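First comes the structure, then the notes that go with it.
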Amino acid sequence: MTLIHESSFIKTFDGYFQNTLAPAYQKLTGVKVDYELASVGSMQTRVTTVAETGSGADLTLNFFNWPFLYDQKYLDVSDIAEDVGKQQGGWYESAKEACVVNGKWKAVPFGNVGQLMNWRIDWFKEVGFEKFPDTWDELLEAGTKLKAKGHPFGFELGHGFGDNHGWLYPLLWSFGGHEVEPDGKTVVIDSDETARAIDFARKFFKQTMIEDVLGWTDVNNNKAWFSEQISCTNNAESILWVAKRDFPEIAKVTGQAQNPQGPKGRFHTLNCWSHSIFTHTADHEAAKAFLRWLSEKPQLEGWYASADTYYQPFLHGYDNAPMWNVEPRNLPYRDALTTAHLPGWPAPVGRAQSEVIAKYVVIDMFAKACAGASTKEVIATATAQLKQIYGQT
């Protein structure tokens with residue numbers, strides 16, 4: 001059998017599958033499992049090709065909402081997911097949001113790659129903040145003081161694929177703004193709540209950030225962080241991983257925290273990794289047997305531990321696992337799972353939602369406002385785009 005996976009940022013993670021899990025399964029069953037790695041950024045193209053041609057790999061890794069996009073091409077794995085949940089403490093609700101399609105599990109959740117706040121503990125202390133600000137208003141205050149001292153913030157506003165979504169969607173939700181109602185039809189981006197979120201973002205950009213962020217993609221904030229140009233950014237755990245490996249002095253003063261809360265609460269983006277079985281797979285039962293084995297505690301525990309907590313488990317049985325003791329600064333990534341949602345929430349997941357993400361509708365709404373466009377103008381543009389995508393004229 002063949003399992004497609006995207007090449008992991010954490011090399012020990014891929015190595016653990018290749019050198020430990022695959023040989024163990026072959027020894028146990030006689031079945032050889034090929035771990036086919038796709039380069040970063042090419043995974044969806046590979047999955048789409050396999051799904052549409054009905055040939056190639058047997059199992060695949062998913063990101064975000066892919067179980068909904070490839071629903072007809074994936075087997076129902078509800079029996080596996082439900083058994084795994086019962087045996088390992090139950091699933092976080094956010095896992096169900098990403099993997100349950102029309103009442104059926106079309107993927108078995110694996111872990112979340114959270115996007116949270118990374119901040120310079122030493123510089124924040126210099127302006128009077130001993131801990132990370134709890135609200136957006138407090139973070140604005142801290143950022144204004146830090147920029148004045150030559151330590152601006154750096155939050156992506158360009159067309160990347162993670163670090164922009166990681167703070168802009170939570171910001172919108174925390175002010176009460178949404179793109180579409182839960183009915184999946186009614187566009188509601190034109191609201192007072194959205195306007196307040198945009199007005200805040202514009203002020204936040206002007207008072208705390210360097211202007212370069214308007215053109216940033218996911219690599220830029222990392223470069224700025226390690227060259228000590230910025231004092232706060234939104235990123236995955238990886239930024240601390242790299243610091244500990246290559247910039248130990250920066251690592252010592254790097255803190256990690258949940259996103260600030262706004263008037264309507266605290267939110268995070270859901271970046272769910274999960275595994276599915278293609279319907280074209282020759283032997284459905286053999287593929288399900290392997291996925292069931294891969295999802296059992298002895299295998300999962302070792303695979304998670306190979307990457308410390310870079311992939312935050314969706315199973316409550318791992319809430320206090322030893323891997324969380326390796327680096328206590330990572331704990332906010334675990335705690336953020338309870339307030340994480342897919343972009344487009346609370347509307348149903350589907351192709352329209354994916355098109356909104358692909359066209360950067362929400363990202364550009366904020367970015368254009370930060371670049372100088374009026375709040376009324378950017379909301380009108382976003383409304384028109386959303387109505388077209390969701391079939392409203």
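By convention in this document, the chains of the structure tokens carry letters A, B, ... by their order, each chain's residues are numbered from 1, and ligands are numbered from 1 in the order they are shown.
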Write out, as JSON lines, each residue of stretch 201-246 of chain A that has an atom at most 12 Å from stretch 123-145 of chain A, together with the closest pair of atoms and their distance in Å to one decimal, counting only C-alpha atoms, rows going by chain and rising number.
```
{"residue": "A:Ala201", "atom": "CA", "partner": "A:Leu140", "partner_atom": "CA", "distance": 9.6}
{"residue": "A:Arg202", "atom": "CA", "partner": "A:Leu140", "partner_atom": "CA", "distance": 11.0}
{"residue": "A:Lys203", "atom": "CA", "partner": "A:Leu140", "partner_atom": "CA", "distance": 8.3}
{"residue": "A:Phe204", "atom": "CA", "partner": "A:Leu140", "partner_atom": "CA", "distance": 5.9}
{"residue": "A:Phe205", "atom": "CA", "partner": "A:Leu140", "partner_atom": "CA", "distance": 9.2}
{"residue": "A:Lys206", "atom": "CA", "partner": "A:Thr144", "partner_atom": "CA", "distance": 9.0}
{"residue": "A:Gln207", "atom": "CA", "partner": "A:Thr144", "partner_atom": "CA", "distance": 5.3}
{"residue": "A:Thr208", "atom": "CA", "partner": "A:Gly143", "partner_atom": "CA", "distance": 4.7}
{"residue": "A:Met209", "atom": "CA", "partner": "A:Gly143", "partner_atom": "CA", "distance": 7.8}
{"residue": "A:Ile210", "atom": "CA", "partner": "A:Gly143", "partner_atom": "CA", "distance": 11.1}
{"residue": "A:Glu228", "atom": "CA", "partner": "A:Trp123", "partner_atom": "CA", "distance": 10.8}
{"residue": "A:Gln229", "atom": "CA", "partner": "A:Trp123", "partner_atom": "CA", "distance": 11.8}
{"residue": "A:Ile230", "atom": "CA", "partner": "A:Trp123", "partner_atom": "CA", "distance": 10.1}
{"residue": "A:Ser231", "atom": "CA", "partner": "A:Trp123", "partner_atom": "CA", "distance": 7.0}
{"residue": "A:Cys232", "atom": "CA", "partner": "A:Gly143", "partner_atom": "CA", "distance": 8.3}
{"residue": "A:Thr233", "atom": "CA", "partner": "A:Gly143", "partner_atom": "CA", "distance": 10.9}
```
All strand (DSSP E or B) positions in stretch 179-339 of chain A, as a PyMOL selection string: chain A and resi 180+187+209+232-235+254-257+261-262+265-266+268-269+272-278+312-313+315
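Using only C-alpha atoms for every distance, the candidate list A:Ile363, A:Cys272, A:Ala257, A:Val180 yields A:Ala257 as the residue closest to A:Arg329.
Atom CA of A:Gln312 is positioned 8.2 Å from atom CA of A:Leu337.
The nearest approach to A:Ser295 among the residues A:His275, A:His159, A:Lys244, A:His151, with only C-alpha atoms taken into account, belongs to A:His275.
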Minimum-distance residue to A:Leu157, chosen among A:Trp216, A:Ala287, A:Phe247, A:Gly372 (using only C-alpha atoms): A:Trp216
Spatial neighbours of A:Thr338, max dist 12 Å, only C-alpha atoms, sep filter under 4 positions, as a count of residues only: 24
Shell of 9 Å around A:Thr281, only C-alpha atoms, local chain residues under 6 positions omitted, as JSON, numbers by chain: {"A": [1, 54, 55, 56, 57, 58, 59, 287]}
Pull N, CA and C atoms from the residues just selected and write them as a short mmCIF file (atom, residue, chain, number, x, y, z; two decimals), in the first residue's frame.
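Writing the result to result.cif gives the following:
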```
data_model
loop_
_atom_site.label_atom_id
_atom_site.label_comp_id
_atom_site.auth_asym_id
_atom_site.auth_seq_id
_atom_site.Cartn_x
_atom_site.Cartn_y
_atom_site.Cartn_z
N MET A 1 0.84 -1.20 0.00
CA MET A 1 0.00 0.00 0.00
C MET A 1 0.87 1.25 0.00
N GLY A 54 -8.44 8.14 -10.19
CA GLY A 54 -8.79 6.87 -9.58
C GLY A 54 -7.67 5.87 -9.62
N SER A 55 -6.44 6.38 -9.59
CA SER A 55 -5.29 5.48 -9.57
C SER A 55 -4.16 6.14 -8.79
N GLY A 56 -3.30 5.30 -8.24
CA GLY A 56 -2.18 5.83 -7.48
C GLY A 56 -2.24 5.38 -6.04
N ALA A 57 -1.95 6.28 -5.13
CA ALA A 57 -1.87 5.95 -3.70
C ALA A 57 -3.20 5.41 -3.16
N ASP A 58 -3.09 4.69 -2.06
CA ASP A 58 -4.27 4.09 -1.41
C ASP A 58 -4.82 4.95 -0.29
N LEU A 59 -3.91 5.60 0.43
CA LEU A 59 -4.30 6.46 1.55
C LEU A 59 -3.62 7.81 1.39
N ALA A 287 -6.67 -1.72 3.67
CA ALA A 287 -6.35 -0.31 3.90
C ALA A 287 -6.91 0.15 5.25
#
```
Nearest candidate to A:Tyr360 (options A:Phe110, A:Tyr35, A:Phe161, A:Phe17; using only C-alpha atoms):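 Looking at the shortest contact to A:Tyr360, the residue is A:Phe161.
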Distance criterion (only C-alpha atoms): nearest to A:Phe63 out of A:Val253, A:Leu331, A:Ala305, A:Leu342: A:Leu342
Distance of atom CA of A:Asn220 from atom CA of A:Ala382, expressed in Å to one decimal place: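 These two atoms are separated by 25.8 Å.
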Residue nearest A:Pro322 - candidates A:Thr383, A:Ser306, A:Ser227, A:Thr45, atoms counted: only C-alpha atoms: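 Distance minimum relative to A:Pro322 lands on A:Ser306.
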Distance query A:Arg46 at most 9 Å, only C-alpha atoms, self and fewer than 5 positions along chain excluded, as a PyMOL selection string: chain A and resi 4+38+51
So that I have them on file, write out the residues from the current selection with N, CA and C atoms, as a PDB file, in the first residue's frame.
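This is the output file part-v9.pdb:
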```pdb
ATOM      1  N   ILE A   4       0.313   8.788   0.862  1.00  0.00           N
ATOM      2  CA  ILE A   4       0.923  10.071   0.471  1.00  0.00           C
ATOM      3  C   ILE A   4       0.959  10.984   1.685  1.00  0.00           C
ATOM      4  N   ALA A  38       5.382  14.194  -0.749  1.00  0.00           N
ATOM      5  CA  ALA A  38       5.177  15.300  -1.681  1.00  0.00           C
ATOM      6  C   ALA A  38       5.901  16.519  -1.126  1.00  0.00           C
ATOM      7  N   ALA A  51      -7.314  11.425  -6.867  1.00  0.00           N
ATOM      8  CA  ALA A  51      -8.764  11.321  -6.701  1.00  0.00           C
ATOM      9  C   ALA A  51      -9.492  11.320  -8.041  1.00  0.00           C
TER      10      ALA A  51
END
```
Straight-line distance linking atom CA of A:Thr381 with atom CA of A:Phe64, stated in Å to one decimal: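 Interatomic distance, atom CA of A:Thr381 to atom CA of A:Phe64: 25.5 Å.
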From a DSSP calculation on the backbone, collect every residue of stretch 184-251 of chain A in helix (DSSP H, G or I) and output the set as a JSON list (two decimals) with N, CA and C atoms, in the first residue's frame.
```
[["chain", "number", "residue", "atom", "x", "y", "z"],
["A", 192, "ASP", "N", -21.64, 45.73, 11.29],
["A", 192, "ASP", "CA", -20.91, 46.63, 12.19],
["A", 192, "ASP", "C", -19.73, 45.91, 12.83],
["A", 193, "GLU", "N", -19.91, 44.61, 13.11],
["A", 193, "GLU", "CA", -18.85, 43.84, 13.75],
["A", 193, "GLU", "C", -17.63, 43.73, 12.82],
["A", 194, "THR", "N", -17.89, 43.45, 11.54],
["A", 194, "THR", "CA", -16.79, 43.39, 10.57],
["A", 194, "THR", "C", -16.10, 44.73, 10.47],
["A", 195, "ALA", "N", -16.88, 45.79, 10.42],
["A", 195, "ALA", "CA", -16.31, 47.14, 10.31],
["A", 195, "ALA", "C", -15.41, 47.46, 11.49],
["A", 196, "ARG", "N", -15.83, 47.06, 12.68],
["A", 196, "ARG", "CA", -15.00, 47.33, 13.86],
["A", 196, "ARG", "C", -13.70, 46.52, 13.81],
["A", 197, "ALA", "N", -13.77, 45.28, 13.31],
["A", 197, "ALA", "CA", -12.57, 44.46, 13.18],
["A", 197, "ALA", "C", -11.59, 45.09, 12.18],
["A", 198, "ILE", "N", -12.12, 45.60, 11.08],
["A", 198, "ILE", "CA", -11.28, 46.23, 10.05],
["A", 198, "ILE", "C", -10.65, 47.52, 10.59],
["A", 199, "ASP", "N", -11.45, 48.32, 11.26],
["A", 199, "ASP", "CA", -10.92, 49.57, 11.82],
["A", 199, "ASP", "C", -9.81, 49.28, 12.83],
["A", 200, "PHE", "N", -10.00, 48.22, 13.61],
["A", 200, "PHE", "CA", -8.96, 47.85, 14.57],
["A", 200, "PHE", "C", -7.70, 47.39, 13.83],
["A", 201, "ALA", "N", -7.88, 46.57, 12.81],
["A", 201, "ALA", "CA", -6.73, 46.05, 12.07],
["A", 201, "ALA", "C", -5.92, 47.18, 11.45],
["A", 202, "ARG", "N", -6.60, 48.18, 10.92],
["A", 202, "ARG", "CA", -5.91, 49.32, 10.31],
["A", 202, "ARG", "C", -5.07, 50.06, 11.36],
["A", 203, "LYS", "N", -5.67, 50.32, 12.50],
["A", 203, "LYS", "CA", -4.94, 50.98, 13.59],
["A", 203, "LYS", "C", -3.77, 50.11, 14.07],
["A", 204, "PHE", "N", -4.03, 48.81, 14.21],
["A", 204, "PHE", "CA", -3.02, 47.85, 14.65],
["A", 204, "PHE", "C", -1.83, 47.85, 13.69],
["A", 205, "PHE", "N", -2.12, 47.87, 12.40],
["A", 205, "PHE", "CA", -1.07, 47.90, 11.38],
["A", 205, "PHE", "C", -0.25, 49.19, 11.47],
["A", 206, "LYS", "N", -0.93, 50.32, 11.52],
["A", 206, "LYS", "CA", -0.24, 51.61, 11.51],
["A", 206, "LYS", "C", 0.59, 51.85, 12.77],
["A", 207, "GLN", "N", 0.06, 51.43, 13.91],
["A", 207, "GLN", "CA", 0.72, 51.76, 15.18],
["A", 207, "GLN", "C", 1.75, 50.74, 15.65],
["A", 208, "THR", "N", 1.68, 49.51, 15.10],
["A", 208, "THR", "CA", 2.57, 48.48, 15.64],
["A", 208, "THR", "C", 3.51, 47.83, 14.63],
["A", 211, "GLU", "N", 5.79, 48.31, 7.46],
["A", 211, "GLU", "CA", 4.92, 48.31, 6.29],
["A", 211, "GLU", "C", 5.13, 47.10, 5.38],
["A", 212, "ASP", "N", 6.30, 46.49, 5.45],
["A", 212, "ASP", "CA", 6.61, 45.35, 4.58],
["A", 212, "ASP", "C", 5.60, 44.22, 4.68],
["A", 213, "VAL", "N", 4.88, 44.13, 5.79],
["A", 213, "VAL", "CA", 3.97, 43.00, 6.01],
["A", 213, "VAL", "C", 2.88, 42.90, 4.95],
["A", 214, "LEU", "N", 2.59, 43.99, 4.25],
["A", 214, "LEU", "CA", 1.56, 43.97, 3.22],
["A", 214, "LEU", "C", 1.91, 43.01, 2.09],
["A", 215, "GLY", "N", 3.19, 42.76, 1.89],
["A", 215, "GLY", "CA", 3.61, 41.86, 0.82],
["A", 215, "GLY", "C", 4.19, 40.56, 1.32],
["A", 218, "ASP", "N", 4.53, 33.40, 3.99],
["A", 218, "ASP", "CA", 4.83, 32.69, 5.23],
["A", 218, "ASP", "C", 6.30, 32.68, 5.64],
["A", 219, "VAL", "N", 7.20, 32.87, 4.70],
["A", 219, "VAL", "CA", 8.63, 32.83, 5.05],
["A", 219, "VAL", "C", 9.11, 34.15, 5.65],
["A", 220, "ASN", "N", 8.43, 35.24, 5.31],
["A", 220, "ASN", "CA", 8.96, 36.56, 5.67],
["A", 220, "ASN", "C", 8.98, 36.84, 7.16],
["A", 221, "ASN", "N", 7.92, 36.45, 7.87],
["A", 221, "ASN", "CA", 7.92, 36.76, 9.30],
["A", 221, "ASN", "C", 8.97, 35.94, 10.04],
["A", 222, "ASN", "N", 9.26, 34.73, 9.53],
["A", 222, "ASN", "CA", 10.32, 33.93, 10.14],
["A", 222, "ASN", "C", 11.68, 34.60, 9.97],
["A", 223, "LYS", "N", 11.93, 35.08, 8.76],
["A", 223, "LYS", "CA", 13.20, 35.77, 8.50],
["A", 223, "LYS", "C", 13.33, 37.01, 9.37],
["A", 224, "ALA", "N", 12.23, 37.76, 9.48],
["A", 224, "ALA", "CA", 12.26, 38.98, 10.28],
["A", 224, "ALA", "C", 12.46, 38.65, 11.76],
["A", 225, "TRP", "N", 11.88, 37.54, 12.20],
["A", 225, "TRP", "CA", 12.01, 37.14, 13.60],
["A", 225, "TRP", "C", 13.47, 36.81, 13.93],
["A", 226, "PHE", "N", 14.09, 36.02, 13.07],
["A", 226, "PHE", "CA", 15.44, 35.56, 13.36],
["A", 226, "PHE", "C", 16.51, 36.63, 13.11],
["A", 238, "SER", "N", 6.86, 25.93, 14.94],
["A", 238, "SER", "CA", 8.15, 25.76, 14.26],
["A", 238, "SER", "C", 9.12, 26.91, 14.48],
["A", 239, "ILE", "N", 8.60, 28.09, 14.72],
["A", 239, "ILE", "CA", 9.48, 29.24, 14.89],
["A", 239, "ILE", "C", 10.37, 29.07, 16.12],
["A", 240, "LEU", "N", 9.86, 28.43, 17.16],
["A", 240, "LEU", "CA", 10.66, 28.15, 18.34],
["A", 240, "LEU", "C", 11.59, 26.96, 18.09],
["A", 241, "TRP", "N", 11.12, 25.99, 17.31],
["A", 241, "TRP", "CA", 11.98, 24.86, 16.94],
["A", 241, "TRP", "C", 13.27, 25.36, 16.27],
["A", 242, "VAL", "N", 13.09, 26.20, 15.26],
["A", 242, "VAL", "CA", 14.25, 26.70, 14.52],
["A", 242, "VAL", "C", 15.14, 27.54, 15.42],
["A", 243, "ALA", "N", 14.53, 28.35, 16.27],
["A", 243, "ALA", "CA", 15.31, 29.19, 17.17],
["A", 243, "ALA", "C", 16.18, 28.33, 18.09],
["A", 244, "LYS", "N", 15.60, 27.29, 18.63],
["A", 244, "LYS", "CA", 16.36, 26.42, 19.54],
["A", 244, "LYS", "C", 17.51, 25.72, 18.82],
["A", 245, "ARG", "N", 17.30, 25.44, 17.56],
["A", 245, "ARG", "CA", 18.32, 24.74, 16.77],
["A", 245, "ARG", "C", 19.41, 25.68, 16.26],
["A", 246, "ASP", "N", 19.00, 26.84, 15.74],
["A", 246, "ASP", "CA", 19.94, 27.71, 15.03],
["A", 246, "ASP", "C", 20.20, 29.06, 15.69],
["A", 248, "PRO", "N", 19.98, 30.00, 19.42],
["A", 248, "PRO", "CA", 19.70, 29.68, 20.83],
["A", 248, "PRO", "C", 19.46, 30.90, 21.71],
["A", 249, "GLU", "N", 20.11, 32.02, 21.43],
["A", 249, "GLU", "CA", 19.91, 33.21, 22.25],
["A", 249, "GLU", "C", 18.50, 33.78, 22.04],
["A", 250, "ILE", "N", 18.01, 33.72, 20.79],
["A", 250, "ILE", "CA", 16.65, 34.18, 20.52],
["A", 250, "ILE", "C", 15.65, 33.21, 21.15],
["A", 251, "ALA", "N", 15.97, 31.93, 21.10],
["A", 251, "ALA", "CA", 15.07, 30.92, 21.68],
["A", 251, "ALA", "C", 14.83, 31.18, 23.16]]
```
